[in-house]
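Coordinates as given in input_34.cif (mmCIF, C-alpha atoms):
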```cif
data_coords
#
loop_
_atom_site.label_atom_id
_atom_site.label_comp_id
_atom_site.auth_asym_id
_atom_site.auth_seq_id
_atom_site.Cartn_x
_atom_site.Cartn_y
_atom_site.Cartn_z
CA MET A 129 91.45 101.91 94.88
CA THR A 130 93.56 100.09 92.35
CA ARG A 131 92.30 98.40 89.25
CA LYS A 132 93.21 94.99 90.62
CA ARG A 133 91.20 95.56 93.79
CA ARG A 134 88.14 96.81 91.85
CA ARG A 135 88.27 93.70 89.69
CA LEU A 136 88.50 91.49 92.82
CA TYR A 137 85.44 93.23 94.34
CA ALA A 138 83.50 92.81 91.09
CA VAL A 139 84.30 89.09 90.93
CA LEU A 140 83.37 88.61 94.61
CA ALA A 141 80.07 90.49 94.07
CA LEU A 142 79.31 88.32 91.03
CA VAL A 143 80.06 85.09 92.94
CA ALA A 144 77.88 86.26 95.86
CA GLY A 145 75.04 87.14 93.48
CA VAL A 146 75.20 83.75 91.79
CA GLY A 147 75.25 82.07 95.22
CA VAL A 148 72.17 83.98 96.41
CA ALA A 149 70.32 83.17 93.16
CA ALA A 150 71.20 79.47 93.46
CA ALA A 151 70.03 79.40 97.10
CA LEU A 152 66.68 80.97 96.13
CA VAL A 153 66.15 78.48 93.30
CA LEU A 154 66.97 75.49 95.52
CA THR A 155 64.67 76.74 98.28
CA ALA A 156 61.78 77.15 95.83
CA PHE A 157 62.48 73.69 94.40
CA SER A 158 62.48 71.94 97.78
CA ASP A 159 59.16 73.57 98.73
CA ASN A 160 57.50 72.04 95.65
CA LEU A 161 59.10 68.59 95.91
CA VAL A 162 56.48 65.88 96.57
CA PHE A 163 57.50 62.27 97.21
CA PHE A 164 55.49 59.15 96.35
CA HIS A 165 54.91 56.45 98.98
CA SER A 166 53.06 53.15 98.92
CA PRO A 167 50.77 52.10 101.80
CA THR A 168 53.58 49.81 103.04
CA ASP A 169 55.96 52.80 103.19
CA VAL A 170 53.40 54.83 105.13
CA VAL A 171 52.78 52.10 107.70
CA GLN A 172 56.34 50.81 108.12
CA LYS A 173 58.30 54.07 107.91
CA HIS A 174 55.97 55.96 110.28
CA LEU A 175 55.89 59.07 108.10
CA PRO A 176 55.26 62.27 110.10
CA ALA A 177 51.78 63.79 110.24
CA GLY A 178 51.36 67.03 108.31
CA LYS A 179 54.07 66.40 105.71
CA ARG A 180 52.80 66.52 102.11
CA PHE A 181 53.35 63.48 99.87
CA ARG A 182 51.59 61.26 97.35
CA ILE A 183 50.25 57.81 98.07
CA GLY A 184 49.10 55.26 95.53
CA GLY A 185 47.65 51.81 95.34
CA LEU A 186 44.48 49.92 94.61
CA VAL A 187 41.13 51.06 96.05
CA GLU A 188 40.05 48.16 98.24
CA GLU A 189 36.73 46.58 97.26
CA GLY A 190 33.86 47.48 99.59
CA SER A 191 35.79 50.28 101.31
CA LEU A 192 34.27 53.32 99.58
CA LYS A 193 31.90 55.37 101.75
CA ARG A 194 30.37 58.58 100.40
CA ASP A 195 28.43 61.28 102.20
CA GLY A 196 27.74 64.11 99.77
CA LEU A 197 31.12 65.46 98.71
CA ASN A 198 32.95 63.62 101.51
CA ALA A 199 34.48 60.28 100.56
CA GLU A 200 36.45 57.76 102.58
CA PHE A 201 38.13 54.69 101.13
CA VAL A 202 41.04 52.33 101.74
CA VAL A 203 44.06 52.07 99.45
CA THR A 204 46.20 48.96 99.50
CA ASP A 205 49.37 47.68 97.85
CA LEU A 206 48.26 44.12 98.67
CA THR A 207 50.44 44.20 101.81
CA GLU A 208 49.32 47.19 103.89
CA ARG A 209 46.22 49.42 103.95
CA VAL A 210 45.78 53.17 104.47
CA THR A 211 42.47 55.01 104.90
CA ILE A 212 42.07 58.07 102.68
CA ARG A 213 39.58 60.88 103.28
CA TYR A 214 38.74 63.31 100.50
CA THR A 215 36.31 66.20 100.19
CA GLY A 216 35.32 67.04 96.65
CA MET A 217 34.26 65.37 93.44
CA LEU A 218 36.05 62.09 92.82
CA PRO A 219 37.23 61.57 89.23
CA ASP A 220 34.69 59.93 86.90
CA LEU A 221 37.01 56.95 86.41
CA PHE A 222 37.43 56.34 90.17
CA ARG A 223 36.33 52.78 91.07
CA GLU A 224 37.09 50.05 93.53
CA ASN A 225 39.87 47.61 92.53
CA GLN A 226 41.47 50.32 90.36
CA GLY A 227 44.78 52.13 90.80
CA ILE A 228 44.77 55.70 92.12
CA VAL A 229 47.27 58.29 93.29
CA ALA A 230 46.30 60.82 95.98
CA ASP A 231 48.13 63.98 97.04
CA GLY A 232 47.81 65.18 100.63
CA ARG A 233 48.93 64.74 104.24
CA LEU A 234 48.57 62.30 107.13
CA ASN A 235 46.55 63.49 110.11
CA GLU A 236 47.23 62.58 113.75
CA GLN A 237 44.97 59.49 113.47
CA ARG A 238 47.22 58.19 110.62
CA GLN A 239 44.49 58.78 108.03
CA PHE A 240 45.54 60.34 104.75
CA ILE A 241 43.67 63.59 104.06
CA ALA A 242 43.78 64.01 100.30
CA SER A 243 43.69 67.37 98.57
CA GLU A 244 43.63 65.72 95.14
CA VAL A 245 42.75 62.24 93.85
CA LEU A 246 43.95 61.05 90.45
CA ALA A 247 42.42 57.99 88.80
CA LYS A 248 43.61 56.04 85.80
CA HIS A 249 42.71 57.63 82.49
CA ASP A 250 41.34 54.52 80.77
CA GLU A 251 40.87 50.79 81.31
CA ASN A 252 44.34 49.94 79.94
CA TYR A 253 46.42 52.05 82.33
CA MET A 254 47.74 51.92 85.86
CA PRO A 255 49.87 54.80 87.22
CA PRO A 256 53.55 53.76 87.01
CA GLU A 257 54.13 54.61 90.68
CA VAL A 258 51.27 52.33 91.75
CA ALA A 259 52.46 49.48 89.51
CA GLU A 260 56.00 49.79 90.92
CA ALA A 261 54.74 49.85 94.53
CA LEU A 262 52.64 46.74 93.89
CA LYS A 263 55.64 44.94 92.36
CA LYS A 264 57.81 45.88 95.38
CA SER A 265 55.19 44.43 97.73
CA GLY A 266 56.07 41.02 96.29
CA GLN A 267 52.43 40.18 95.65
CA TRP A 268 52.26 41.47 92.08
CA SER A 269 53.52 39.87 88.92
CA ASP A 270 53.94 40.91 85.31
CA LYS A 271 52.99 37.39 84.29
CA PRO A 272 49.80 37.36 82.22
CA GLY A 273 46.78 36.20 84.16
CA GLN A 274 48.17 36.62 87.67
CA HIS A 275 46.08 39.28 89.45
CA ALA A 276 44.72 40.42 86.08
CA GLU A 277 41.23 39.08 86.73
CA LYS A 278 40.74 41.02 89.95
CA TYR A 279 43.00 44.06 89.60
CA GLY A 280 44.19 44.48 86.02
CA ASN A 281 47.92 44.20 85.56
CA ALA A 282 50.86 46.53 85.85
CA THR A 283 51.96 46.02 82.28
CA GLY A 284 48.95 47.91 80.98
CA LYS A 285 46.41 45.15 80.39
CA GLY A 286 43.65 46.17 82.79
CA LYS A 287 40.33 44.43 83.20
CA THR A 288 37.49 45.83 81.18
CA GLN A 289 34.08 46.62 82.56
#
```
Can I see the file as structure tokens?
Amino acid sequence: MTRKRRRLYAVLALVAGVGVAAALVLTAFSDNLVFFHSPTDVVQKHLPAGKRFRIGGLVEEGSLKRDGLNAEFVVTDLTERVTIRYTGMLPDLFRENQGIVADGRLNEQRQFIASEVLAKHDENYMPPEVAEALKKSGQWSDKPGQHAEKYGNATGKGKTQ
């Protein structure tokens, strides 16, 4: 085997090794990728059951039902509504008319089965994804006073209790 051929084999082995490493990294990345959807996206795009994603919106007033550790509530973006079921302790700051983000999957009945529920961290905050989804729904405004009395507002001035 000539020196030129050995060098060619070494370069080909290096390129193959880098290719395999890149493929492994991309595969691991795609397995951990979680998309955010609003209730309107879930209803209109007919997302498949069983696929993991995040959903966010406002907890609809009067929709929360608790039975021990089981909770069921409706999340809305002021256009569409999605029922969320969760087993576990809800965050202390979880309330109706407040923004939340839930991580989980849709079941066959088009209910969202949450594995995690995240609530706002204080009265002056709404998750950016929820604020953006509400703005896209066309029923939300950054103008002071509009929706602020009932829901808080997406610019960070939430209602106080």
Q: Determine the residue membership of the PyMOL selection byres ((chain A and resi 162) around 9) for the file above and supply it as a VMD selection string.
A: chain A and resid 158 to 161 163 to 164 180 to 182 231
Q. Distance CA of Arg135 (chain A)-CA of Ala149 (chain A), one decimal place?
A.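 Value for the CA of Arg135 (chain A)-CA of Ala149 (chain A) distance: 21.1 Å.
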Q. In Å, how far is it from CA of Glu208 (chain A) to CA of Gln239 (chain A)?
A. 13.2 Å
Q: Just say which residues the PyMOL selection byres ((chain A and resi 188-202) around 7) picks in this file, as a PyMOL selection string.
A: chain A and resi 186-187+203-204+209-217+224-225
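Among the candidates A:Ala259, A:Ala144, A:Ala151, A:Val170, the residue lying nearest to Gln226 (chain A) is A:Ala259 (atoms considered: all atoms listed in the file).
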Q. Hey, what's within 10 Å of Leu175 (chain A) if we count only C-alpha atoms and toss same-chain stuff fewer than 4 positions away? As a ChimeraX atom specification, please?
A. /A:165,169-171,179,181,233-234,238
Q | Interatomic distance (Å, one decimal) between CA of Val229 (chain A) and CA of Ala156 (chain A) | A | 23.9 Å
Q.
Using all atoms listed in the file for the distances, tell me which of A:Ala177, A:Val148, A:Leu154, A:Leu142 is nearest to Asn235 (chain A).
A.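 Nearest candidate to Asn235 (chain A) out of A:Ala177, A:Val148, A:Leu154, A:Leu142: A:Ala177.
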How would region 215-231 of chain A read, as a compact mmCIF listing (two decimals), in the coordinates of the input, once N, CA, C and O atoms are built in?
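Heads up, here's the output in rebuild_10.txt:
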```
# COMPACT_ATOMS: atom_id res chain seq x y z
N THR A 215 37.50 65.37 100.35
CA THR A 215 36.31 66.20 100.19
C THR A 215 36.37 66.82 98.81
O THR A 215 37.32 67.54 98.49
N GLY A 216 35.37 66.53 98.01
CA GLY A 216 35.32 67.04 96.65
C GLY A 216 34.77 65.97 95.72
O GLY A 216 34.38 64.89 96.14
N MET A 217 34.76 66.30 94.45
CA MET A 217 34.26 65.37 93.44
C MET A 217 35.38 64.38 93.08
O MET A 217 36.46 64.80 92.68
N LEU A 218 35.10 63.11 93.24
CA LEU A 218 36.05 62.09 92.82
C LEU A 218 36.05 62.02 91.30
O LEU A 218 35.03 62.30 90.67
N PRO A 219 37.18 61.67 90.69
CA PRO A 219 37.23 61.57 89.23
C PRO A 219 36.18 60.58 88.71
O PRO A 219 35.82 59.62 89.39
N ASP A 220 35.71 60.81 87.50
CA ASP A 220 34.69 59.93 86.90
C ASP A 220 35.18 58.49 86.79
O ASP A 220 34.39 57.56 86.88
N LEU A 221 36.47 58.29 86.59
CA LEU A 221 37.01 56.95 86.41
C LEU A 221 37.42 56.28 87.72
O LEU A 221 38.00 55.20 87.72
N PHE A 222 37.11 56.90 88.85
CA PHE A 222 37.43 56.34 90.17
C PHE A 222 36.51 55.15 90.42
O PHE A 222 35.29 55.25 90.32
N ARG A 223 37.08 53.98 90.74
CA ARG A 223 36.33 52.78 91.07
C ARG A 223 37.12 51.94 92.06
O ARG A 223 38.32 52.08 92.18
N GLU A 224 36.42 51.01 92.68
CA GLU A 224 37.09 50.05 93.53
C GLU A 224 37.88 49.08 92.66
O GLU A 224 37.54 48.84 91.51
N ASN A 225 38.96 48.54 93.21
CA ASN A 225 39.87 47.61 92.53
C ASN A 225 40.62 48.27 91.37
O ASN A 225 41.09 47.59 90.48
N GLN A 226 40.74 49.60 91.39
CA GLN A 226 41.47 50.32 90.36
C GLN A 226 42.59 51.11 91.02
O GLN A 226 42.49 51.50 92.18
N GLY A 227 43.65 51.38 90.28
CA GLY A 227 44.78 52.13 90.80
C GLY A 227 44.48 53.62 90.86
O GLY A 227 43.86 54.18 89.96
N ILE A 228 44.90 54.26 91.96
CA ILE A 228 44.77 55.70 92.12
C ILE A 228 46.05 56.25 92.73
O ILE A 228 46.85 55.52 93.32
N VAL A 229 46.22 57.56 92.60
CA VAL A 229 47.27 58.29 93.29
C VAL A 229 46.59 59.48 93.96
O VAL A 229 45.79 60.17 93.34
N ALA A 230 46.88 59.70 95.24
CA ALA A 230 46.30 60.82 95.98
C ALA A 230 47.42 61.68 96.54
O ALA A 230 48.46 61.19 96.96
N ASP A 231 47.18 62.99 96.53
CA ASP A 231 48.13 63.98 97.04
C ASP A 231 47.55 64.57 98.31
O ASP A 231 46.38 64.95 98.32
```
